[in-house]
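Visitor: Pasting a structure here, questions to come.
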Amino acid sequence: FSYEFARYEQAPSDIQAKEIEATEFVVFCIENLADRLGVPGSVIFNKLNSIGAISGFLYPSYESLHTQSKEYILDEIQTYISSHNLSIKL
């Protein structure tokens, strides 16, 4: 990914850059899970958000998951959902 620093008066701070990276990771997760399940990303976003998986799992897990393979990340998301007796009913 490339950042367009021009839209900022100055380059984002390290904290802002980490927040941007974590948000891009969450979007990556949502879109790729949607592709895996064959549904629109908005459906996955709404379902994950409704069960608290975005703020309760994806953002907190960014540091440990973002270096893993796409398949591993998606498997972890689905494991999180099922291990918490949650489901994404489409």
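As shown in the structure tokens, the chain order sets the letters A, B, ...; within each chain, residues go from 1, and ligands are also counted from 1 in the order they appear.
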Using only C-alpha atoms, find each residue of region 54-77 of chain A with at least one atom at most 10 Å away from an atom of region 31-42 of chain A; report its shortest atom-to-atom pair and that distance in Å (one decimal), sort the rows by chain and rising residue number, and return the result as CSV.
Guide:
residue,atom,partner,partner_atom,distance
A:Lys70,CA,A:Asn32,CA,7.9
A:Glu71,CA,A:Asn32,CA,9.2
A:Ile73,CA,A:Leu33,CA,9.3
A:Leu74,CA,A:Leu33,CA,6.2
A:Asp75,CA,A:Leu33,CA,9.2
A:Ile77,CA,A:Leu33,CA,8.4
Visitor: Write out as a ChimeraX atom specification which residues come within 12 Å of Glu76 (chain A) when counting only C-alpha atoms, dropping same-chain ones fewer than 3 positions away.
Guide: /A:29,33,53,57-58,61-62,64-66,68-73,79-83
Visitor: Give the answer as one residue: which of A:Thr67, A:Glu19, A:Gly56, A:Ile30 has the shortest atom-to-atom distance to Val43 (chain A), using only C-alpha atoms?
Guide: A:Ile30
Visitor: Select, from A:Ile15, A:Phe45, A:Pro60, A:Ser50, the residue with the minimum atom-to-atom distance to Val27 (chain A), counting only C-alpha atoms.
Guide: A:Phe45
